[in-house]
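Here is the structure we will look at, set down as structure tokens.
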Amino acid sequence: MSADPAETVPPAVPGARKHDPILVADGITRRFGGLVAVNVDHFEVERNKITALIGPNGAGKTTFFNLLTGFDKPDGGRSRFDGHEMADSSAHKVAKLGMVRTFQLTKALARLTVIENMRLGAANQRGERLWAGPFKFLWKHEEAEITARADALLERFKMDHMRDEFAGNLSGGQRKLLEMARALMTDPTLIMLDEPMAGVNPALKQSLLGHVKELKDEGRTVLFVEHDMDMVHEISDWVVVMAQGEIIAEGTAAQISGNQNVIDAYLGAHHDLDLGDAS
Amino acid sequence: MNWDLIFWNALYTAISAAAAGYCIIASGLNVHVGYTGLLNFGQAGFAAIGAYAFAIPIVAYGWAWYWALPLMLVCSVLLALALGLPTLRLRADYLAIVTIAVAEIIRLFLNSTRFTWLTGGTDGRNGWTTFFEDLNPIDNTARFDMGAQSIDGYRLFMMIVGWCLAALIATFIWALMRSPWGRVLKSIREDEDAARALGKNVLAYKMQSLVIGGVIGSIGGLWLSAQKQSAQTGEFATTLTFFAFLIIVLGGLGRVKGPIVGTIIFFFVIQFVDNVLEQATRTDNIPDWIVDSTNFGIVKNVVAGLSLALLVIFRPQGIFGDKREQVFDVR
Amino acid sequence: MGTDRRRARSVRILLAAFVSLLVVGAFPSATSAQTDDEAPQSVRGKVQNRFEEDGERVTEPVPDVRIVLEDAGTLIGEDVTDADGSYFIGLEQTGTFTVRIDVTTLPDGLEVAEEDEVQDVEVGGNQNVTRVFFLGEDTRNVQSKWSLLPQTLANGLKLAMIIAITSIGLSLIFGTTGLSNFSHGEMVTFGAFVAFVFNSDVGWHLIPAALAAVAVTGLLGAGFEKGLWGPLRRRSTSLTSMMIVSIGIALAMRYFFLYLFGGDLKAFQQYTLQRDPVSIGPIDLPPRTLFIIGASALVIVGVALFLLRTRFGKAIRAVSDNPALASSSGIDTDRVVLLVWILGGALAGLGGVFYGLEFGIKWDMGFTLLLLMFAAITLGGLGNPFGALLGSLVIGIFVELWTWIVPNANDLKTVGALGVLILVLLVRPQGLLGSKERIG
């Protein structure tokens, strides 16, 4: 499907239609008591692009993430991922379909080793069935393949030297890397990163950026929540801005940084975030 | 004081057939608490089902043991489902509360005079262990000496078979926990949202864990009664669950050898304390206002409770455990 | 407030708790010497004459009647009823026996119905079984099931009130700290025994003894928070670990009570035997029960007003809603939690005294009550004190109603309530008043 380049740049309006959306959400709402945390009319994520989801604190970004990935149930609305209806899908089913997320507060499995964390990521393992578990010959080969794949990924993320450490002994940045690598073990089509840069030291940041770009080169789609505007500018193809539970702007990073709505939203929230230069 | 007898009797108790039963019950609990992070406070209920669902059809309805055994296993699985369905979606407290409540319900039913015709009431259920007795190749009238402690042939036989059973179950658990299946359980223990985000059906795994650990607990309960040749309701009070907790915390949660090591330490210490107090009260070495012959037996329960609390606070990794591997977060 | 002064104050509280523990610990040695009957089991009860006089039912004790306990025809114990009509037969063994009334010793003109002459009795370990013999007209079977309903509901209300005042503390502790405190039942038992010691051993009247028990149990709560749970929270101990610790503490305390006081059912010196019930329509309640219901209702209203109106109460609710937010908005979370422990302890102590008055004091009474308390607060919605009240009402009434629906099911009383708990979790896991977010 070769498209006219002009067609591939959607208009810079909230809820813009994309040329080839992998994820489409309609009318997603979530209320906590009287507070409307999320109220998104229409939202699309373009396939094989890096989309950033930004917004001031409390804008509902993480809640929206949870709703899309089945970790929370919306009060209304529906979403479609890669042709599958996602209504009321539980989190593990969402992940099995190829939409895998990471968490803002990393969930490294502290008392498993790094390599065990990685192996866990692999999908559809026969050895994970109860009946096959006690019989090693049933899953020995599969396990060897998984381990090889895990080792390759660890090498790519330059974590091979930590292979047999307990994940609990890793630094914050290393945990972020591990979580991303572990998510890749599932071979996702859409990977959703919740604040991948939070708490990561500057040296690691650059390599993390590189890894995210590589994901796109591999043909995957990336959707990430981020506060670090440098990262947003550097890697995202498209930026979606949320405030008070709604999408208030969409566009390329350059278009967004001049958008008055966005500036108002941040200032209105008394947020002294550096919006960066559209260089 | 006869220290020789005190020591050998405590040692015998630590490796007796009853201890093997406790070890198996604790092994099941270890699958729940140590590997999956499920807080089951009602393991005594599984144990009771194991004994009674086996004994009742044999005594009351004349079933053969090879029919009673599958019935017992089915009952145990059903109990696990009944506990798990309402609670496993919810936070950990709910499982804890419901399991302790259901174990109490089971105990109340067993004790109830309305069901004496079925359960035998406080007399318990007897006469269902003949096939164990027939299996025994060791001369029942012979005496076997273990230091100052001497035991009969049946006890020796049940002790050996009991620990073989415990070892078999430990091996089974080891094989399960080194597998990718076990890895998923451990990941749920660490952080179930992470497991969910990786596409694991956490609810199904928790349920499988509850069933496996529960069935093992039932086998342990069956053994506990079989070695006694009688199913007694008093055996399955809530204290059984908490002794099992103490055993796995002592031996190290989430370790295959944990229940075995824990059982031996637990029963040795408890029986030692009990023996010392018993002799001391009998020979008046200890003033009556501290303990007398009517209440020395209670002291071991107080000791057990305090030990459980202190161990979890100060040595959650168990007596021999490595601090890094402790299952509960105590930073 | 300076930290030094605060520290000095907490040291005093700890010290006071410790001293009161010592006081409580020191007395029972005297008790065991006084009580002559140390049999682990017993069969006890009364012989009563029932008749109608001027349209009112009257119950009268019958003294000097011989009661014998037999095991398959062999005599194993006997007693003669005292002025209260009470008898007591201590037992070393357990099992199923028969209690028989010796009809030859009955006063002239009194008879016992033939089917009531012999009663079966099953005695388990450390059990005290009660068998009452009624002479004269037996009004029990005359009453229809429906006419018994109001009395059943009144009994349920009584139990509900006791569950309510004890479970508020459990609920508040859960709300503010996240801890499911499995040793809360033992705080109830503790309160009952403190009152018992002051009442029976020191010789105080029950009312000051009860007040002392409330104060000492409140101090015990403070001691737990200061000496155990507070430090554990500061070490970031996981809630799972804390739950297991609370189980260990519960086990140790429960058996410590058994060790100190023995396994038999104890009673307070005053108000235990009230022979003239107050009749309200079809309901007969002894004055003490009316008092318990009224006093509990007052306490509950007081606690509710405290939570809704006072600064401290609002602080407690703020911490329950969101500890992080509360502490960032200047609320001293540790002080709030300490207050909750004192309040929860005091209420547990009061509940223990009430429960002891109604059902007798026993080493494991708290554990029985704990399950009902958990059922109540889970039913109402974990962490919501008003939910705890509603849940208590449902559970208390259901426990009694169960015996009304299923006859002769006294030993299965709590089963129905625990069954309700499981059903509610299936249908509405957040409880009646809980919010969905809490259960995730």
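Residue numbers start at 1 in each chain; chains themselves are named A, B, ... in the order of the structure tokens; ligands are numbered from 1 in the order shown.
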
* Could you list the residues in chain A lying within 9 Å of chain B, using only C-alpha atoms, and format the result as number ranges by chain? => A: 69, 71, 90-103, 106-112, 116-117, 119-130, 132-136, 139, 143, 166, 168, 182-183, 185-186

* To do: Give as a PyMOL selection string every residue of chain A that touches chain C within 10 Å, counting only C-alpha atoms.
  => chain A and resi 32-33+71-72

What would the file look like if the residues just selected were written as a PDB file, in the first residue's frame with N, CA and C atoms?
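The file below, result.pdb, is the result:
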```
ATOM      1  N   PHE A  32     -13.953   8.910  38.169  1.00  0.00           N
ATOM      2  CA  PHE A  32     -13.699   8.479  39.543  1.00  0.00           C
ATOM      3  C   PHE A  32     -14.600   9.311  40.426  1.00  0.00           C
ATOM      4  N   GLY A  33     -15.644   8.705  40.936  1.00  0.00           N
ATOM      5  CA  GLY A  33     -16.606   9.494  41.699  1.00  0.00           C
ATOM      6  C   GLY A  33     -17.187  10.548  40.770  1.00  0.00           C
ATOM      7  N   PHE A  71      -5.981  -2.479  31.862  1.00  0.00           N
ATOM      8  CA  PHE A  71      -5.699  -2.450  33.291  1.00  0.00           C
ATOM      9  C   PHE A  71      -6.778  -1.700  34.058  1.00  0.00           C
ATOM     10  N   ASP A  72      -7.630  -1.018  33.325  1.00  0.00           N
ATOM     11  CA  ASP A  72      -8.759  -0.334  33.948  1.00  0.00           C
ATOM     12  C   ASP A  72      -9.906  -0.436  32.944  1.00  0.00           C
TER      13      ASP A  72
END
```

* Smallest atom-to-atom distance to Ala237 (chain B): which of C:Ile165, C:Leu251, C:Leu425, C:Thr189, using only C-alpha atoms? ->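 Checking each candidate against Ala237 (chain B), we get C:Leu251 as the closest.
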
* Would you give me, as a ChimeraX atom specification, the residues of chain C that come within 6 Å of chain B, using only C-alpha atoms? => /C:29,237-238,245,248-249,251-252,255,259,411,415,425-426,439

* To do: Name the residues of region 35-172 of chain A that fall into helix (DSSP H, G or I) according to DSSP on the backbone, using the chain letters and numbers of this document, as a PyMOL selection string.
  => chain A and resi 61-68+91-96+114-121+126-128+136-156+160-162+167-169+172

What would the file look like if the residues just selected were written as a short mmCIF file (atom, residue, chain, number, x, y, z; two decimals), in the first residue's frame with N, CA and C atoms?
```
data_model
loop_
_atom_site.label_atom_id
_atom_site.label_comp_id
_atom_site.auth_asym_id
_atom_site.auth_seq_id
_atom_site.Cartn_x
_atom_site.Cartn_y
_atom_site.Cartn_z
N LYS A 61 -3.19 10.98 31.37
CA LYS A 61 -2.44 10.19 30.39
C LYS A 61 -2.30 8.73 30.82
N THR A 62 -1.87 8.55 32.08
CA THR A 62 -1.66 7.18 32.55
C THR A 62 -2.98 6.44 32.65
N THR A 63 -4.03 7.14 33.09
CA THR A 63 -5.36 6.50 33.15
C THR A 63 -5.79 6.06 31.76
N PHE A 64 -5.56 6.92 30.78
CA PHE A 64 -5.89 6.59 29.39
C PHE A 64 -5.12 5.35 28.95
N PHE A 65 -3.85 5.30 29.31
CA PHE A 65 -3.00 4.14 29.03
C PHE A 65 -3.61 2.88 29.63
N ASN A 66 -3.99 3.01 30.91
CA ASN A 66 -4.57 1.86 31.60
C ASN A 66 -5.85 1.39 30.92
N LEU A 67 -6.64 2.35 30.45
CA LEU A 67 -7.91 2.00 29.80
C LEU A 67 -7.65 1.28 28.49
N LEU A 68 -6.66 1.76 27.74
CA LEU A 68 -6.38 1.15 26.44
C LEU A 68 -5.83 -0.26 26.61
N ALA A 91 -6.35 -7.39 30.59
CA ALA A 91 -5.01 -6.93 30.28
C ALA A 91 -4.17 -7.99 29.57
N HIS A 92 -4.30 -9.26 30.03
CA HIS A 92 -3.43 -10.26 29.41
C HIS A 92 -3.83 -10.54 27.97
N LYS A 93 -5.14 -10.39 27.66
CA LYS A 93 -5.57 -10.62 26.28
C LYS A 93 -5.06 -9.52 25.36
N VAL A 94 -5.10 -8.28 25.88
CA VAL A 94 -4.56 -7.15 25.13
C VAL A 94 -3.10 -7.41 24.79
N ALA A 95 -2.36 -7.86 25.79
CA ALA A 95 -0.94 -8.11 25.57
C ALA A 95 -0.72 -9.22 24.56
N LYS A 96 -1.56 -10.25 24.63
CA LYS A 96 -1.40 -11.37 23.70
C LYS A 96 -1.64 -10.95 22.26
N VAL A 114 17.81 -11.30 35.97
CA VAL A 114 17.56 -10.55 34.75
C VAL A 114 17.15 -11.50 33.62
N ILE A 115 17.86 -12.61 33.48
CA ILE A 115 17.56 -13.52 32.36
C ILE A 115 16.19 -14.17 32.55
N GLU A 116 15.81 -14.46 33.82
CA GLU A 116 14.48 -15.02 34.06
C GLU A 116 13.40 -14.00 33.74
N ASN A 117 13.66 -12.73 34.08
CA ASN A 117 12.74 -11.66 33.70
C ASN A 117 12.51 -11.67 32.19
N MET A 118 13.61 -11.82 31.46
CA MET A 118 13.53 -11.80 30.00
C MET A 118 12.76 -13.01 29.48
N ARG A 119 13.10 -14.18 30.01
CA ARG A 119 12.43 -15.40 29.52
C ARG A 119 10.93 -15.33 29.74
N LEU A 120 10.56 -14.71 30.87
CA LEU A 120 9.14 -14.60 31.19
C LEU A 120 8.38 -13.88 30.09
N GLY A 121 9.08 -12.94 29.43
CA GLY A 121 8.41 -12.14 28.41
C GLY A 121 7.91 -12.94 27.23
N ARG A 126 5.03 -23.30 25.82
CA ARG A 126 4.41 -24.56 26.18
C ARG A 126 4.71 -24.89 27.66
N GLY A 127 5.91 -24.55 28.08
CA GLY A 127 6.32 -24.85 29.46
C GLY A 127 5.53 -24.06 30.50
N GLU A 128 4.78 -23.08 30.06
CA GLU A 128 3.97 -22.32 31.02
C GLU A 128 2.63 -22.98 31.26
N LYS A 136 10.51 -31.69 31.81
CA LYS A 136 11.44 -30.76 31.19
C LYS A 136 11.62 -31.02 29.70
N PHE A 137 11.58 -32.32 29.31
CA PHE A 137 11.83 -32.62 27.89
C PHE A 137 10.80 -31.96 26.98
N LEU A 138 9.64 -31.63 27.54
CA LEU A 138 8.60 -31.00 26.73
C LEU A 138 8.91 -29.55 26.39
N TRP A 139 9.69 -28.90 27.25
CA TRP A 139 9.93 -27.48 27.00
C TRP A 139 11.40 -27.11 26.92
N LYS A 140 12.26 -28.12 26.91
CA LYS A 140 13.69 -27.84 26.94
C LYS A 140 14.14 -27.06 25.71
N HIS A 141 13.69 -27.50 24.54
CA HIS A 141 14.15 -26.84 23.30
C HIS A 141 13.61 -25.43 23.19
N GLU A 142 12.32 -25.34 23.50
CA GLU A 142 11.69 -24.03 23.48
C GLU A 142 12.44 -23.07 24.40
N GLU A 143 12.78 -23.55 25.58
CA GLU A 143 13.46 -22.72 26.57
C GLU A 143 14.82 -22.26 26.02
N ALA A 144 15.51 -23.17 25.32
CA ALA A 144 16.81 -22.82 24.76
C ALA A 144 16.67 -21.71 23.72
N GLU A 145 15.64 -21.82 22.88
CA GLU A 145 15.40 -20.77 21.87
C GLU A 145 15.11 -19.44 22.54
N ILE A 146 14.24 -19.50 23.55
CA ILE A 146 13.88 -18.27 24.25
C ILE A 146 15.12 -17.64 24.87
N THR A 147 15.94 -18.49 25.49
CA THR A 147 17.14 -17.98 26.14
C THR A 147 18.06 -17.31 25.12
N ALA A 148 18.18 -17.93 23.95
CA ALA A 148 19.04 -17.34 22.92
C ALA A 148 18.51 -15.97 22.51
N ARG A 149 17.21 -15.88 22.33
CA ARG A 149 16.60 -14.62 21.95
C ARG A 149 16.80 -13.58 23.06
N ALA A 150 16.62 -14.04 24.32
CA ALA A 150 16.78 -13.13 25.46
C ALA A 150 18.21 -12.62 25.54
N ASP A 151 19.16 -13.53 25.32
CA ASP A 151 20.57 -13.12 25.40
C ASP A 151 20.90 -12.10 24.32
N ALA A 152 20.34 -12.32 23.12
CA ALA A 152 20.59 -11.38 22.03
C ALA A 152 20.05 -10.00 22.39
N LEU A 153 18.84 -9.97 22.96
CA LEU A 153 18.24 -8.69 23.34
C LEU A 153 19.05 -8.02 24.45
N LEU A 154 19.50 -8.82 25.41
CA LEU A 154 20.29 -8.26 26.51
C LEU A 154 21.57 -7.64 25.96
N GLU A 155 22.14 -8.30 24.97
CA GLU A 155 23.36 -7.77 24.37
C GLU A 155 23.07 -6.43 23.68
N ARG A 156 21.96 -6.42 22.94
CA ARG A 156 21.57 -5.21 22.24
C ARG A 156 21.36 -4.06 23.23
N ASP A 160 24.07 -7.55 29.05
CA ASP A 160 24.45 -8.96 29.15
C ASP A 160 25.32 -9.24 30.37
N HIS A 161 26.04 -8.20 30.84
CA HIS A 161 26.88 -8.43 32.02
C HIS A 161 26.05 -8.59 33.30
N MET A 162 24.77 -8.17 33.24
CA MET A 162 23.91 -8.27 34.43
C MET A 162 23.07 -9.55 34.39
N ALA A 167 17.02 -8.88 39.56
CA ALA A 167 16.56 -7.61 39.00
C ALA A 167 16.46 -6.54 40.07
N GLY A 168 16.24 -6.96 41.32
CA GLY A 168 16.14 -6.01 42.42
C GLY A 168 17.43 -5.23 42.64
N ASN A 169 18.55 -5.76 42.13
CA ASN A 169 19.83 -5.08 42.34
C ASN A 169 20.17 -4.08 41.24
N GLY A 172 17.77 2.30 38.73
CA GLY A 172 16.50 2.70 38.14
C GLY A 172 16.53 2.68 36.62
#
```

* Atom-to-atom span, CA of Glu78 (chain C) and CA of Asn49 (chain C), Å ->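 Computing it gives 20.3 Å between the two atoms.
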
* Extract, using only C-alpha atoms, all DNA, RNA and protein residues at most 12 Å from Glu214 (chain A), discarding same-chain residues fewer than 6 positions from it, and format them as a PyMOL selection string. => chain A and resi 48-50+156-157+184+207-208+220-222+235

* Could you please determine the separation between CA of Ala198 (chain A) and CA of Asp41 (chain A) in Å, to one decimal place? =>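 Between CA of Ala198 (chain A) and CA of Asp41 (chain A) the gap is 28.4 Å.
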
* **Polymer residues at most 6 Å from region 272-286 of chain B, only C-alpha atoms, same-chain spacing of 5 or more positions, as a VMD selection string** => chain B and resid 6 10 292 to 293

Export C-alpha atoms of the chosen residues as a PDB file, in the first residue's frame?
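Now in part.pdb:
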```pdb
ATOM      1  CA  ILE B   6      13.861 -35.350  76.345  1.00  0.00           C
ATOM      2  CA  ALA B  10      12.072 -34.436  70.579  1.00  0.00           C
ATOM      3  CA  ASP B 292       1.625 -26.517  86.278  1.00  0.00           C
ATOM      4  CA  SER B 293       0.602 -29.874  84.902  1.00  0.00           C
TER       5      SER B 293
END
```

* To do: Please provide the set of residues having any atom within 12 Å of Phe236 (chain B), restricted to only C-alpha atoms, with same-chain residues fewer than 3 positions apart removed, written as an MDAnalysis selection string.
  => chainID B and resid 22 25 42:52 103:111 124 217:218 220:222 224:225 231:233 239:244

Please dump the current selection as a short mmCIF file (atom, residue, chain, number, x, y, z; two decimals), in the first residue's frame; keep C-alpha atoms.
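Result file is out-v1.cif:
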```cif
data_model
loop_
_atom_site.label_atom_id
_atom_site.label_comp_id
_atom_site.auth_asym_id
_atom_site.auth_seq_id
_atom_site.Cartn_x
_atom_site.Cartn_y
_atom_site.Cartn_z
CA TYR B 22 2.76 -31.38 58.63
CA ILE B 25 0.63 -29.61 54.44
CA GLY B 42 -7.17 -21.74 55.66
CA GLN B 43 -4.81 -24.59 54.84
CA ALA B 44 -6.35 -26.48 57.77
CA GLY B 45 -9.56 -26.64 55.72
CA PHE B 46 -7.79 -28.41 52.87
CA ALA B 47 -6.18 -30.79 55.34
CA ALA B 48 -9.53 -31.57 56.96
CA ILE B 49 -11.11 -32.26 53.57
CA GLY B 50 -8.20 -34.57 52.80
CA ALA B 51 -8.82 -36.67 55.89
CA TYR B 52 -12.61 -36.69 56.00
CA ALA B 103 -11.58 -23.28 57.23
CA GLU B 104 -13.60 -22.34 60.29
CA ILE B 105 -16.86 -23.27 58.56
CA ILE B 106 -15.41 -26.69 57.72
CA ARG B 107 -14.28 -27.17 61.30
CA LEU B 108 -17.69 -26.14 62.65
CA PHE B 109 -19.41 -28.62 60.37
CA LEU B 110 -17.09 -31.39 61.45
CA ASN B 111 -17.69 -30.56 65.11
CA GLY B 124 -13.50 -38.89 64.96
CA GLY B 217 -2.47 -29.85 51.71
CA SER B 218 -5.28 -32.39 51.52
CA GLY B 220 -0.93 -33.97 54.02
CA GLY B 221 -4.13 -33.91 56.07
CA LEU B 222 -4.95 -37.41 54.94
CA LEU B 224 -1.77 -36.80 59.35
CA SER B 225 -4.90 -38.77 60.11
CA ALA B 231 -9.53 -38.59 61.61
CA GLN B 232 -9.95 -36.17 64.51
CA THR B 233 -11.58 -32.77 64.23
CA THR B 239 -3.56 -23.50 64.70
CA LEU B 240 -2.67 -26.13 62.10
CA THR B 241 -2.55 -23.43 59.43
CA PHE B 242 -0.37 -21.19 61.55
CA PHE B 243 2.01 -23.98 62.46
CA ALA B 244 2.32 -24.60 58.72
#
```

* Asked: Skipping near chain neighbours, those fewer than 5 positions away, what residues fall within 10 Å of Ala215 (chain C) using only C-alpha atoms, listed as number ranges by chain?
  -> C: 17, 20, 191, 194, 209-210, 220-221, 342-343, 345-347, 349-350

* Skip Gln41 (chain C) itself and residues of its chain fewer than 6 positions away, then list as a PyMOL selection string all residues within 10 Å of it, counting only C-alpha atoms. => chain C and resi 89-94+123-129+263-265

* Give me every strand (DSSP E or B) residue in region 84-123 of chain A, going by DSSP on the backbone, as a list in words. =>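 Selection result, strand (DSSP E or B) within region 84-123 of chain A: His84, Glu85, Met99, Val100, Arg101 and Thr113 of chain A.
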